[in-house]
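Participant: What follows is a structure written as structure tokens; I'll ask about it next.
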Amino acid sequence: MRQRAPRAGSVGAVCRSGRGKAARGAAAGSGKERKGGAGCESESEGTLLPAMEPEEDSFVQLPCPSGPGTGSLALTPERVRQQIERCKELCSALEQDHVKVQTATGALEQRTRELRKERERLYENLKQQKYLNREEEICLQDSVLLAREMKSTLMQKHQMLNKTLEDKRKKVFWKDPEMMLLPTLPEKKMAFKGLVTNKDENKLMLTPLVHYPLQGGSALITFEKAEVAQRIIEAKEHTVDLSCGEELEELGQCRVRVQAAPVDVLLPSALEIRLTQNSRSIILSDLSSLDIPDETLLDKLEVFFSKSKNGGGEVESTELLDNSGQVVLTFAEERVAELLIKRGSIQVPLGKQTYELKISPCMNGEVSNLQLRPCRCPRTVLLSGIPDVLNEEPMRDVLEIHFQKPSRGGGEVDAVGYVPAGRHGVAVFTEDAE
């Protein structure tokens with residue numbers, strides 16, 4: 001914006017119109033022409049100064065007198081410069097604010113675009129996750145249905161197997177539900193001795209010991225002859241007179257009825273044993289003829305085989321096998337047992353004499369297959385339904401007396417076992433010598 005300043009010594013004012021109108025001003029002095037008028041008409045000379053262009057409107061508002069004698073302040077050059085400087089400062093501040101606003105607007109628009117992209121990405125992810133969740137839910141539902149079907153199939157198979165097993169038990173064993181108690185096979189350490197029949201075949205001889213559970217109110221009677229037991233079983237029911245014997249006279253004519261049934265047990269029909277050699281143990285044989293207490297023998301053997309000069313080493317344990325004349329030595333190191341087994345035998349001083357003991361490898365046996373077969377005891381009868389009216393010993397005597405009489409179909413009794421009501425017992429069957 002261009003503006004002319006009045007000459008020195010003159011009093012005047014410049015007035016700006018709103019939209020290009022000329023402003024008139026008064027001048028006092030000698031009446032000379034003013035050079036470079038500021039766009040106002042001089043009333044003293046009648047000269048019209050050029051007015052400012054409408055497009056050059058300024059935000060600087062200077063006082064414009066309404067006429068002479070208004071008392072307005074004169075517009076001096078210094079005051080104009082101050083106004084210009086102040087306007088420049090305001091313009092610079094406005095430009096800085098404008099730049100800041102533009103920068104903030106650009107950042108805001110950039111952030112808006114980023115947030116829109118993020119929203120679109122999250123929306124796509126959400127749609128994809130919903131789809132995957134739906135697929136997973138469908139798969140889980142299919143798995144649950146399949147598992148239920150498998151469970152139902154397995155339950156049906158389980159019921160069928162239980163029914164088949166029950167039918168086979170009834171066919172193979174006996175039909176009396178009170179006798180459906182299978183004998184248990186107890187755990188027992190056994191020493192197996194092979195019986196050599198020829199050079200190519202070894203047979204393992206087993207002596208069964210069958211444990212047979214007895215319920216309360218029952219008895220087992222073993223006769224000397226099998227035909228006697230067969231007659232007792234065929235009769236099924238027997239009436240036993242309890243007044244037999246001097247101690248039982250007070251019972252008078254008291255009688256009880258008992259039921260007779262055969263005794264079926266399970267015997268091994270096939271046995272497979274997996275043998276493995278113990279790498280740290282040996283077996284010492286030929287000790288049965290030694291007249292030395294067991295504890296003393298084990299101590300002496302441990303001391304002897306603990307010395308390295310005898311080919312031994314640290315002994316971890318010693319064990320005397322029952323009724324076999326053999327001792328098992330276990331060493332802490334494997335190489336000790338291996339070297340002693342290669343020797344085969346060793347001279348061991350025991351007491352005042354020296355004995356030659358045989359050294360053999362120690363084999364551990366594990367039953368890998370055991371097949372059982374039902375077997376009926378030919379000379380034994382099971383009596384059940386015996387009431388608890390007498391003590392154990394008197395009742396056993398009454399039963400033995402009754403079933404010894406040939407008039408009642410009995411015969412010579414070999415053994416009697418009785419379990420009173422409310423108690424439980426176990427009978428042990430061994431191999432019949434006959």
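The chains in the structure tokens are called A, B, ... from first to last as shown; in each chain the residues are counted from 1, and the ligands are counted from 1 in the order shown.
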Which residues come within 10 Å of Leu287 (chain A), counting only C-alpha atoms, excluding same-chain residues fewer than 4 positions away, as a list in words?

Facilitator: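 Near neighbours after the sequence-gap exclusion: Asp291, Ile292, Leu297, Ser324, Gly325, Gln326, Val327, Tyr355, Glu356, Leu357 and Lys358 of chain A.
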
Participant: Can you write just those residues out, C-alpha atoms, as a CSV table (one decimal), in the first residue's frame?

Facilitator:
chain,number,residue,atom,x,y,z
A,291,ASP,CA,26.8,-128.1,57.5
A,292,ILE,CA,27.0,-124.3,58.0
A,297,LEU,CA,27.5,-119.1,55.0
A,324,SER,CA,18.0,-125.5,46.5
A,325,GLY,CA,21.5,-125.3,48.0
A,326,GLN,CA,22.2,-122.3,45.8
A,327,VAL,CA,23.3,-118.7,46.6
A,355,TYR,CA,35.0,-126.5,48.8
A,356,GLU,CA,34.7,-126.3,45.0
A,357,LEU,CA,31.6,-124.3,44.1
A,358,LYS,CA,30.1,-124.1,40.7

Participant: Tell me, as a PDB file with all heavy atoms, in the first residue's frame, which residues lie within 8 Å of Ala229 (chain A), counting only C-alpha atoms; anything in the same chain fewer than 2 positions away does not count.

Facilitator:
ATOM      1  N   THR A 222     -12.108-133.952  51.370  1.00  0.00           N
ATOM      2  CA  THR A 222     -11.351-134.757  50.409  1.00  0.00           C
ATOM      3  C   THR A 222     -11.386-136.216  50.856  1.00  0.00           C
ATOM      4  O   THR A 222     -10.980-136.534  51.986  1.00  0.00           O
ATOM      5  CB  THR A 222      -9.900-134.254  50.316  1.00  0.00           C
ATOM      6  OG1 THR A 222      -9.899-132.884  49.910  1.00  0.00           O
ATOM      7  CG2 THR A 222      -9.109-135.074  49.297  1.00  0.00           C
ATOM      8  N   PHE A 223     -11.876-137.062  49.962  1.00  0.00           N
ATOM      9  CA  PHE A 223     -11.970-138.496  50.257  1.00  0.00           C
ATOM     10  C   PHE A 223     -10.743-139.212  49.693  1.00  0.00           C
ATOM     11  O   PHE A 223     -10.035-138.685  48.821  1.00  0.00           O
ATOM     12  CB  PHE A 223     -13.255-139.090  49.648  1.00  0.00           C
ATOM     13  CG  PHE A 223     -14.515-138.509  50.225  1.00  0.00           C
ATOM     14  CD1 PHE A 223     -15.156-137.430  49.619  1.00  0.00           C
ATOM     15  CD2 PHE A 223     -15.069-139.037  51.383  1.00  0.00           C
ATOM     16  CE1 PHE A 223     -16.313-136.894  50.145  1.00  0.00           C
ATOM     17  CE2 PHE A 223     -16.234-138.501  51.919  1.00  0.00           C
ATOM     18  CZ  PHE A 223     -16.849-137.432  51.297  1.00  0.00           C
ATOM     19  N   LYS A 225     -10.940-141.992  48.005  1.00  0.00           N
ATOM     20  CA  LYS A 225     -11.308-142.566  46.724  1.00  0.00           C
ATOM     21  C   LYS A 225     -12.199-141.593  45.961  1.00  0.00           C
ATOM     22  O   LYS A 225     -13.083-140.971  46.536  1.00  0.00           O
ATOM     23  CB  LYS A 225     -12.034-143.905  46.912  1.00  0.00           C
ATOM     24  CG  LYS A 225     -11.154-144.982  47.536  1.00  0.00           C
ATOM     25  CD  LYS A 225     -11.905-146.291  47.664  1.00  0.00           C
ATOM     26  CE  LYS A 225     -11.025-147.377  48.283  1.00  0.00           C
ATOM     27  NZ  LYS A 225     -11.737-148.676  48.392  1.00  0.00           N
ATOM     28  N   ALA A 226     -11.981-141.536  44.645  1.00  0.00           N
ATOM     29  CA  ALA A 226     -12.733-140.609  43.813  1.00  0.00           C
ATOM     30  C   ALA A 226     -14.193-141.022  43.656  1.00  0.00           C
ATOM     31  O   ALA A 226     -15.078-140.166  43.550  1.00  0.00           O
ATOM     32  CB  ALA A 226     -12.077-140.495  42.437  1.00  0.00           C
ATOM     33  N   GLU A 227     -14.471-142.320  43.681  1.00  0.00           N
ATOM     34  CA  GLU A 227     -15.855-142.757  43.508  1.00  0.00           C
ATOM     35  C   GLU A 227     -16.730-142.333  44.676  1.00  0.00           C
ATOM     36  O   GLU A 227     -17.934-142.095  44.519  1.00  0.00           O
ATOM     37  CB  GLU A 227     -15.928-144.269  43.296  1.00  0.00           C
ATOM     38  CG  GLU A 227     -15.241-145.095  44.379  1.00  0.00           C
ATOM     39  CD  GLU A 227     -13.805-145.412  44.030  1.00  0.00           C
ATOM     40  OE1 GLU A 227     -13.221-144.686  43.191  1.00  0.00           O
ATOM     41  OE2 GLU A 227     -13.264-146.384  44.589  1.00  0.00           O
ATOM     42  N   ARG A 231     -20.219-140.095  44.395  1.00  0.00           N
ATOM     43  CA  ARG A 231     -21.529-140.418  44.956  1.00  0.00           C
ATOM     44  C   ARG A 231     -22.083-139.254  45.778  1.00  0.00           C
ATOM     45  O   ARG A 231     -23.279-138.947  45.710  1.00  0.00           O
ATOM     46  CB  ARG A 231     -21.421-141.672  45.835  1.00  0.00           C
ATOM     47  CG  ARG A 231     -21.182-142.957  45.068  1.00  0.00           C
ATOM     48  CD  ARG A 231     -21.523-144.176  45.934  1.00  0.00           C
ATOM     49  NE  ARG A 231     -20.755-144.191  47.173  1.00  0.00           N
ATOM     50  CZ  ARG A 231     -19.611-144.840  47.342  1.00  0.00           C
ATOM     51  NH1 ARG A 231     -19.092-145.526  46.317  1.00  0.00           N
ATOM     52  NH2 ARG A 231     -18.998-144.829  48.492  1.00  0.00           N
ATOM     53  N   ILE A 232     -21.236-138.619  46.540  1.00  0.00           N
ATOM     54  CA  ILE A 232     -21.689-137.493  47.366  1.00  0.00           C
ATOM     55  C   ILE A 232     -22.186-136.344  46.471  1.00  0.00           C
ATOM     56  O   ILE A 232     -23.205-135.706  46.755  1.00  0.00           O
ATOM     57  CB  ILE A 232     -20.551-137.010  48.290  1.00  0.00           C
ATOM     58  CG1 ILE A 232     -20.137-138.134  49.250  1.00  0.00           C
ATOM     59  CG2 ILE A 232     -20.962-135.770  49.058  1.00  0.00           C
ATOM     60  CD1 ILE A 232     -21.216-138.585  50.189  1.00  0.00           C
ATOM     61  N   ILE A 233     -21.487-136.100  45.377  1.00  0.00           N
ATOM     62  CA  ILE A 233     -21.880-135.011  44.471  1.00  0.00           C
ATOM     63  C   ILE A 233     -23.190-135.331  43.766  1.00  0.00           C
ATOM     64  O   ILE A 233     -24.063-134.458  43.596  1.00  0.00           O
ATOM     65  CB  ILE A 233     -20.752-134.752  43.447  1.00  0.00           C
ATOM     66  CG1 ILE A 233     -19.517-134.198  44.159  1.00  0.00           C
ATOM     67  CG2 ILE A 233     -21.213-133.781  42.359  1.00  0.00           C
ATOM     68  CD1 ILE A 233     -18.300-134.086  43.270  1.00  0.00           C
ATOM     69  N   PRO A 378     -11.017-134.625  41.509  1.00  0.00           N
ATOM     70  CA  PRO A 378     -11.818-135.857  41.522  1.00  0.00           C
ATOM     71  C   PRO A 378     -12.182-136.346  42.918  1.00  0.00           C
ATOM     72  O   PRO A 378     -13.197-137.023  43.086  1.00  0.00           O
ATOM     73  CB  PRO A 378     -10.915-136.855  40.798  1.00  0.00           C
ATOM     74  CG  PRO A 378      -9.531-136.346  41.020  1.00  0.00           C
ATOM     75  CD  PRO A 378      -9.631-134.862  41.071  1.00  0.00           C
ATOM     76  N   ARG A 379     -11.381-135.988  43.962  1.00  0.00           N
ATOM     77  CA  ARG A 379     -11.611-136.566  45.290  1.00  0.00           C
ATOM     78  C   ARG A 379     -12.132-135.540  46.301  1.00  0.00           C
ATOM     79  O   ARG A 379     -12.257-135.861  47.478  1.00  0.00           O
ATOM     80  CB  ARG A 379     -10.316-137.177  45.822  1.00  0.00           C
ATOM     81  CG  ARG A 379      -9.787-138.305  44.961  1.00  0.00           C
ATOM     82  CD  ARG A 379      -8.604-139.051  45.601  1.00  0.00           C
ATOM     83  NE  ARG A 379      -7.467-138.184  45.834  1.00  0.00           N
ATOM     84  CZ  ARG A 379      -7.018-137.874  47.040  1.00  0.00           C
ATOM     85  NH1 ARG A 379      -7.641-138.328  48.118  1.00  0.00           N
ATOM     86  NH2 ARG A 379      -5.955-137.103  47.171  1.00  0.00           N
ATOM     87  N   THR A 380     -12.429-134.330  45.870  1.00  0.00           N
ATOM     88  CA  THR A 380     -12.833-133.271  46.797  1.00  0.00           C
ATOM     89  C   THR A 380     -14.256-132.820  46.486  1.00  0.00           C
ATOM     90  O   THR A 380     -14.648-132.697  45.329  1.00  0.00           O
ATOM     91  CB  THR A 380     -11.874-132.086  46.706  1.00  0.00           C
ATOM     92  OG1 THR A 380     -10.548-132.540  46.967  1.00  0.00           O
ATOM     93  CG2 THR A 380     -12.237-131.009  47.724  1.00  0.00           C
ATOM     94  N   VAL A 381     -15.013-132.539  47.557  1.00  0.00           N
ATOM     95  CA  VAL A 381     -16.410-132.117  47.457  1.00  0.00           C
ATOM     96  C   VAL A 381     -16.561-130.803  48.221  1.00  0.00           C
ATOM     97  O   VAL A 381     -16.000-130.634  49.313  1.00  0.00           O
ATOM     98  CB  VAL A 381     -17.369-133.184  48.022  1.00  0.00           C
ATOM     99  CG1 VAL A 381     -18.810-132.694  47.961  1.00  0.00           C
ATOM    100  CG2 VAL A 381     -17.208-134.489  47.270  1.00  0.00           C
ATOM    101  N   GLY A 410     -20.898-142.378  52.111  1.00  0.00           N
ATOM    102  CA  GLY A 410     -19.565-141.842  52.339  1.00  0.00           C
ATOM    103  C   GLY A 410     -18.485-142.904  52.306  1.00  0.00           C
ATOM    104  O   GLY A 410     -18.695-144.048  51.893  1.00  0.00           O
TER     105      GLY A 410
END

Participant: Of the candidates A:Arg116, A:Lys100, A:Lys300, A:Arg335, which one gets nearest to Val348 (chain A) if we count only C-alpha atoms?

Facilitator: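 Of the candidates, the smallest distance to Val348 (chain A) is held by A:Lys300.
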
Participant: Which is closest to Glu412 (chain A) among A:Leu383, A:Gly313, A:Phe429, A:Val228, if we use only C-alpha atoms?

Facilitator: A:Val228

Participant: Measure the distance from CA of Ser279 (chain A) to CA of Thr354 (chain A) in Å and round it to one decimal.

Facilitator: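 A separation of 27.3 Å between them.
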
Participant: Going by DSSP on the backbone, which bits of region 211-395 of chain A are strand (DSSP E or B)? Write them as number ranges by chain, please.

Facilitator: A: 211-214, 218-223, 237-241, 255-285, 315-321, 326-331, 345-350, 353-384
